[in-house]
Structure formats: structure tokens, C-alpha cells
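Visitor: Structure incoming, see below.
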Amino acid sequence: MIMVTTGGIIKKVGTTTNIKTGAWRTFIPTVTDKCTGCKVCEPFCPDGCIKVNPKTKKAEIDYDFCKGCLICENECPFKAITSKMENK
Amino acid sequence: MVLTVLEGSRAVAEAVRACRPDVVAAYPITPQTHIVQELANMNADGTLKSKHIEVESEFSAISAATGASAAGSRAYTASCSQGVALMHEVLFATAGMRLPVVMNIVNRALSAPINIWNDQQDSISQRDAGWIQLYAETNQEAVDLTIQAFKIAEDKKVLLPIMVCLDGFFLSHTIEPVDMPNQKAVDKFLPKYQPEHAYLDPKRPMTQGPFAFPRPYAELRKDLSDTIDASKDIITKVSKDFKKQFGRQLGDGLTESYSLKGKKTAIITIGSLGGTVKEASDREGNFGLLRIISFRPFPKKEIIKALKGIETVIILEKDISLGSSNGAIFDEVRSALYAEKDRPKIVGYIAGIGGTEVTVNNIIEVVKNSKNQQDGEIGWLMGEE
């Protein structure tokens, strides 16, 4: 039995992060050594799941939420992101 | 008791004002216009303190009312016919999100052909949306039900939107003596709305109307169905509370039996046609009336109980479920009685469509004809040529 609230209202904040939408992915992007840490990819990601690590100065992808839309690959000015069909 | 002679729309507008809504969002449409016009006048005069939202369509009107209710305010709207049809999408959301919006529907026919007169196709067609639907027979009832509607809708066990339906022109534009409840009594009966489930407060954030995967969706829809079924008890309770405060009660809140005792024939109808049937019953004396006040939730048990010993049931309704050859009320009453051992003969009439008149003589004739009819027969009362 799933707990039902009145009208399905959710009073806990940020529960959307409990749903690992990365499972929906068909194509998986990978950041290669060519990455310069320019951060162009960051604002283009519709799910906010690509971020440049300040220590390594390389972009890192949160695969829990990346749906594989490949906008980052398309926008990267250095062709530093590649993609392939993901085997699950 | 002081009776005031008022047009139905004006009486309803005064009842709405007495309920102190926080937000009124409505779009004018014949024959509902006078209600919105009166509320706008009251707002301009400062006697109605609500926020009046001018909108460009009924879709916006119900959206604004739903949003206002989601933010925690007492929200009101009114519409009819094409306006209600345009609201269709949002109506399901208002109920599913459990927002206690109150809407008066001034029943009018649906296009095509375009027609501004009364039938109940507009609200009956919205029967699956999850809104409670109450139907008034007189202007007094329209007033009383509107006040009760806020109390029922906002009850913690209900939290559902309500349509209070009154027949276009027959009630909305008819001047009748009405006992207008005074403000003090209404305030006592209907305290300020204090939502615990849905409100807008940045310190206590929440998500309303979220996405739901199949299983939680099914759970929530079942919960909605159980809630509207259980609201019968609250409708009855509020009807009793209303009697305590104002000295009037409509049947048991769900249905009204009139002169049914010892009769073999019963007419079932909703809305203002009930008055015509009462007059016919008084003249002939050989049949009674069972008037359905609450069409949603549908009072199955109460109908079965009221029809004990009745041999012929005649259903008069101002709607048709096209493709099934009969009206929605006919189907539901027949279905409710299916399991009964001594099921009465049930015949139906599509009557009063698009404002056609149903007279006392029509009703007497219908009762006479029922003797020669087969169970399940459907007829049409077309009115004068």
C-alpha cells in the first residue's frame, strides 16, 4: 500500500531527486581529456547534471539524472564530449 | 423571518457575498451573467471585500479560482453551458488536487445548435470530474445550497469542489420571495477557511499537483472516489446543521421525498422541474416525487429506500447521453435498483431540453401513459411547437 496524501500533495521538499531519471537514458555521453573546463556545457544541460569540478577543471556528469539528450556534446566548443549507445 | 423579493441571480450573489469569498474569478455568460455582474457591483461598492479577478475566458476563470484555492483562499466562480465545457480540463484537476472551490452553474443547453435556454446537459456532462453536484428547486434552495456548499467543500473529510446548479431563467431570472440569511448567522455557520492541506507559504513549501506513476495514480483516484462517496455523510450533516442555524432543511440533503407515502408511482427529477411535479402531484394525488438534490455523490441507498413499495418509476431529466438513447439519471437510477427483488418498472423521459416547457398537464399525461409502457421505455417531451 502506497501512502496517499490529500490531493497527492507532497510536503517534503526536493523529493524529485529520489527518482533516478538517468535510467531513462539510451545514449551515454562521456567527457574526454580534451575538456578545458570552459563551462559552456553547464547552462545548456536541461537537467543541471553536468558540472565542472573546480579541482580537476574537467566537466563531470551526474549519471543518476543525465537522460542522454546529448545537448552537451552538441554544444561543446572543443568536441570534448563523445557519446555511444548505452548497454544496460 | 423577513422575506425579500429578489431575482434568483441577485439572491445567489448575496449568498456568495455572505460567505465572504477571498477570490472571485468569473466570466459572464447568459444566463449566469447577473450573478457575476452583481458580485462585481458589490466589489466596486466595497460591500464585497474579495479579490475580483477579471479573466478572458472560463478556462481562465476556473484556473484562477483553482490557483487561489491552492494558495489557501476561499475561491468562487460561476458559469454555464459552453463556459463549463471550456472548463472541462481544469475541473478534473481542481477535484484531483482536492481544492474546495464553489461554483454556481446556471444550467443551460449546449451547442449545437446554439441555445441559451435551460436544460442540465452542461453540468450532467461533467459528472465524472470529481465535483460534488447539488441541484436547487427554488431560489431559496439555490441560496441555502450555496451557503452549505462552502461548508461541505471545506470540511476536512471532504475537501472537494462543488457545483451548485440552478436552472437558467426558470430560477436565475425569476423573482421570488427569499429569506436571506443574515451576515451574523452565516459567519457563525461558516467560519473562516483555514486550510491544512493546501496553501501558499514560503516557510512551509509544498508540491501540489505532482506527477504520479501508475500505482500512486491509481491509489489517488481510488482515494478520490472513496472521498466523494463518503461526502454523503457530510452533506447530510451540513444540511442538519443548516436547519439548526436557519430553520430550513431540504429533504435529507441528498434527496427530497414529496407525497410518496402509500403511492405506487414515483417521479424522479432534479432541479426546478421538481416544483412542477409537486403541483401535478397535489392536483392528481396518485403519485409522488423523489427529487435528487445531490447527483454527485449519487445517493443510491437513499433512492432504493425511498422507492420501497413503488411499482412504477418515471424519470424526467433535462439531459441525454447521446448514443445510449437515454439520460444519465435514468441509467444511474436503473442501475441502483437492479439488485432489488421487487424492482419497479422504470421508464424515462428526455424533457425540457433547450428550454422547452414541461407543464403540469404534461406530467399528468406522462403518469397516465406509464400504465401502458414497458420497463425501460424512453420518451421525449418536446414542448410546444
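By convention in this document, the chains of the C-alpha cells carry letters A, B, ... by their order, each chain's residues are numbered from 1, and ligands are numbered from 1 in the order they are shown.
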Need to verify the contact set: A:Met3, 12 Å, only C-alpha atoms, exclusion of same-chain residues closer than 3 positions in sequence. Can you return it as a ChimeraX atom specification?
Guide: /A:6-10 /B:215-220,223
Visitor: Filtering to C-alpha atoms, could you give me those residues as a PDB file, in the first residue's frame?
Guide:
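Saved as part36.pdb:
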```pdb
ATOM      1  CA  THR A   6      -4.824  14.509   0.330  1.00  0.00           C
ATOM      2  CA  GLY A   7      -4.695  15.519  -3.331  1.00  0.00           C
ATOM      3  CA  GLY A   8      -1.265  13.890  -3.700  1.00  0.00           C
ATOM      4  CA  ILE A   9       0.298  16.953  -2.051  1.00  0.00           C
ATOM      5  CA  ILE A  10       3.969  16.483  -1.153  1.00  0.00           C
TER       6      ILE A  10
ATOM      7  CA  ARG B 215       0.355   2.790  -8.982  1.00  0.00           C
ATOM      8  CA  PRO B 216       0.204   6.008  -6.920  1.00  0.00           C
ATOM      9  CA  TYR B 217      -2.091   7.486  -9.618  1.00  0.00           C
ATOM     10  CA  ALA B 218      -4.475   4.565  -9.198  1.00  0.00           C
ATOM     11  CA  GLU B 219      -4.297   4.913  -5.388  1.00  0.00           C
ATOM     12  CA  LEU B 220      -5.098   8.628  -5.586  1.00  0.00           C
ATOM     13  CA  ASP B 223      -8.991   7.746  -2.717  1.00  0.00           C
TER      14      ASP B 223
END
```
Visitor: Enumerate the residues of stretch 280-345 of chain B with a DSSP assignment of helix (DSSP H, G or I), computed from the backbone, and present them as a PyMOL selection string.
Guide: chain B and resi 280-284+300-306+328-337
Visitor: For chain A, work out the contacting residues on chain B at 7 Å, counting only C-alpha atoms, and write them as a VMD selection string.
Guide: chain B and resid 96 to 98 197 205 to 210 216 219 to 220
Visitor: Could you save those same residues with C-alpha atoms as a compact mmCIF listing (two decimals), in the first residue's frame?
Guide:
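File written: part_28.txt
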```txt
# COMPACT_ATOMS: atom_id res chain seq x y z
CA GLY B 96 -7.95 15.70 -8.05
CA MET B 97 -5.97 18.35 -6.16
CA ARG B 98 -8.75 18.41 -3.55
CA HIS B 197 -3.53 20.60 3.25
CA PRO B 205 6.90 24.80 0.93
CA MET B 206 4.98 22.01 -0.78
CA THR B 207 4.35 20.47 -4.19
CA GLN B 208 0.75 20.49 -5.40
CA GLY B 209 -0.44 18.64 -8.48
CA PRO B 210 2.67 16.49 -8.84
CA PRO B 216 0.20 6.01 -6.92
CA GLU B 219 -4.30 4.91 -5.39
CA LEU B 220 -5.10 8.63 -5.59
```
Visitor: Excluding same-chain residues fewer than 6 positions from A:Glu42, what lies within 10 Å of it counting only C-alpha atoms, as a PyMOL selection string?
Guide: chain A and resi 48-52+59-61+72+75-76
Visitor: For the selection just defined, write its residues with N, CA and C atoms to a file, as a CSV table (one decimal), in the first residue's frame.
Guide:
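Output (selection35.csv):
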```
chain,number,residue,atom,x,y,z
A,48,GLY,N,20.6,20.1,-15.4
A,48,GLY,CA,21.6,20.6,-14.4
A,48,GLY,C,22.5,19.5,-13.9
A,49,CYS,N,22.9,18.5,-14.8
A,49,CYS,CA,23.7,17.4,-14.3
A,49,CYS,C,25.0,17.3,-14.9
A,50,ILE,N,25.5,18.4,-15.5
A,50,ILE,CA,26.9,18.4,-15.9
A,50,ILE,C,27.6,19.7,-15.2
A,51,LYS,N,28.7,19.4,-14.5
A,51,LYS,CA,29.3,20.5,-13.7
A,51,LYS,C,30.8,20.3,-13.9
A,52,VAL,N,31.5,21.5,-13.9
A,52,VAL,CA,33.0,21.4,-14.0
A,52,VAL,C,33.5,21.3,-12.5
A,59,ALA,N,34.8,18.8,-16.8
A,59,ALA,CA,33.3,18.6,-16.6
A,59,ALA,C,33.1,17.1,-16.1
A,60,GLU,N,32.1,17.0,-15.2
A,60,GLU,CA,31.7,15.7,-14.7
A,60,GLU,C,30.2,15.6,-14.8
A,61,ILE,N,29.8,14.4,-15.2
A,61,ILE,CA,28.3,14.2,-15.5
A,61,ILE,C,27.7,13.3,-14.3
A,72,CYS,N,24.9,18.6,-24.4
A,72,CYS,CA,26.3,19.0,-24.0
A,72,CYS,C,27.3,18.6,-25.1
A,75,GLU,N,27.0,21.1,-27.9
A,75,GLU,CA,27.4,22.5,-27.6
A,75,GLU,C,28.9,22.6,-27.3
A,76,CYS,N,29.6,21.6,-26.9
A,76,CYS,CA,30.9,21.7,-26.5
A,76,CYS,C,31.8,22.3,-27.6
```
Visitor: Neighbours of A:Thr32 within 8 Å (only C-alpha atoms; same-chain residues fewer than 5 positions away dropped), as a list in words?
Guide: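 Once the adjacent positions are removed, what remains is Ala80, Ile81 and Thr82 of chain A.
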Visitor: May I have the residues from that selection written out with N, CA and C atoms, as a PDB file, in the first residue's frame?
Guide:
```
ATOM      1  N   ALA A  80      34.855  17.893 -26.853  1.00  0.00           N
ATOM      2  CA  ALA A  80      35.443  17.100 -25.768  1.00  0.00           C
ATOM      3  C   ALA A  80      34.473  16.057 -25.218  1.00  0.00           C
ATOM      4  N   ILE A  81      33.199  16.097 -25.703  1.00  0.00           N
ATOM      5  CA  ILE A  81      32.222  15.120 -25.206  1.00  0.00           C
ATOM      6  C   ILE A  81      31.842  14.183 -26.345  1.00  0.00           C
ATOM      7  N   THR A  82      31.939  12.900 -26.069  1.00  0.00           N
ATOM      8  CA  THR A  82      31.562  11.897 -27.069  1.00  0.00           C
ATOM      9  C   THR A  82      30.385  11.098 -26.504  1.00  0.00           C
TER      10      THR A  82
END
```
Visitor: Under the rule that only C-alpha atoms are counted, which of A:Thr21, A:Lys57, A:Thr30, A:Lys67 is the nearest residue to A:Ser83?
Guide: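 Using only C-alpha atoms, the shortest distance to A:Ser83 belongs to A:Thr30.
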Visitor: Could you name the residues that touch B:Ser123 at 8 Å or less, counting only C-alpha atoms, but leaving out those on the same chain fewer than 4 positions away, as number ranges by chain?
Guide: B: 80-81, 84, 105, 107, 127, 133, 165
Visitor: Using the selection just defined, write its residues with N, CA and C atoms as a PDB file, in the first residue's frame.
Guide:
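The resulting file, out.pdb, is shown below:
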```pdb
ATOM      1  N   CYS B  80     -21.833  28.481 -16.987  1.00  0.00           N
ATOM      2  CA  CYS B  80     -22.852  27.588 -17.525  1.00  0.00           C
ATOM      3  C   CYS B  80     -22.465  27.167 -18.936  1.00  0.00           C
ATOM      4  N   SER B  81     -23.187  26.180 -19.429  1.00  0.00           N
ATOM      5  CA  SER B  81     -23.125  25.765 -20.828  1.00  0.00           C
ATOM      6  C   SER B  81     -21.720  25.717 -21.421  1.00  0.00           C
ATOM      7  N   VAL B  84     -18.809  26.050 -19.046  1.00  0.00           N
ATOM      8  CA  VAL B  84     -18.469  24.861 -18.257  1.00  0.00           C
ATOM      9  C   VAL B  84     -17.733  23.858 -19.143  1.00  0.00           C
ATOM     10  N   ILE B 105     -23.560  26.879 -11.188  1.00  0.00           N
ATOM     11  CA  ILE B 105     -23.829  26.655 -12.607  1.00  0.00           C
ATOM     12  C   ILE B 105     -25.283  26.995 -12.849  1.00  0.00           C
ATOM     13  N   ASN B 107     -27.801  26.372 -15.128  1.00  0.00           N
ATOM     14  CA  ASN B 107     -27.915  25.364 -16.185  1.00  0.00           C
ATOM     15  C   ASN B 107     -28.504  25.872 -17.508  1.00  0.00           C
ATOM     16  N   ARG B 127     -20.204  14.983 -14.924  1.00  0.00           N
ATOM     17  CA  ARG B 127     -20.450  14.167 -13.730  1.00  0.00           C
ATOM     18  C   ARG B 127     -19.255  13.340 -13.288  1.00  0.00           C
ATOM     19  N   GLN B 133     -22.131  17.656  -6.991  1.00  0.00           N
ATOM     20  CA  GLN B 133     -23.131  18.435  -7.744  1.00  0.00           C
ATOM     21  C   GLN B 133     -24.449  18.467  -6.980  1.00  0.00           C
ATOM     22  N   CYS B 165     -26.073  23.927  -8.740  1.00  0.00           N
ATOM     23  CA  CYS B 165     -26.728  24.148 -10.026  1.00  0.00           C
ATOM     24  C   CYS B 165     -28.136  24.716  -9.838  1.00  0.00           C
TER      25      CYS B 165
END
```
Visitor: Using only C-alpha atoms, pick whichever of A:Gly68, A:Pro43, A:Pro54, A:Pro77 has the shortest atom-to-atom distance to A:Ile28.
Guide: A:Gly68
Visitor: Excluding same-chain residues fewer than 3 positions from stretch 56-65 of chain B, what lies within 6 Å of it counting only C-alpha atoms, as JSON, numbers by chain?
Guide: {"B": [25, 26, 27, 68, 75, 83, 86, 87]}
Visitor: Contacts of B:Asn104 at 6 Å or less, counting only C-alpha atoms, minus same-chain residues fewer than 5 places along, as an MDAnalysis selection string?
Guide: chainID B and resid 78 163:165
Visitor: Could you check which of A:Asn87, A:Val31, A:Asn74, A:Gly37 is closest to A:Lys55, using only C-alpha atoms?
Guide: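 Looking only at the distances to A:Lys55, the closest residue turns out to be A:Gly37.
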Visitor: Please, which residues of chain A, numbered as in this document, come out strand (DSSP E) from DSSP, as a ChimeraX atom specification?
Guide: /A:27-31,50-53,58-61,81-85
Visitor: Can you tell me how far atom CA of B:Phe170 sits from atom CA of B:Phe295, in Å to one decimal?
Guide: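 Rounded to one decimal, the two atoms are 19.5 Å apart.
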Visitor: When distances are computed from only C-alpha atoms, which of B:Ile124, B:Ala15, B:Leu166, B:Ala44 shows the smallest separation from B:Asp144?
Guide: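 Checking each candidate against B:Asp144, we get B:Ala15 as the closest.
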Visitor: Please compute the atom CA of B:Gly72-atom CA of B:Gln194 distance, one decimal, in Å.
Guide: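 Separation of atom CA of B:Gly72 and atom CA of B:Gln194: 7.5 Å.
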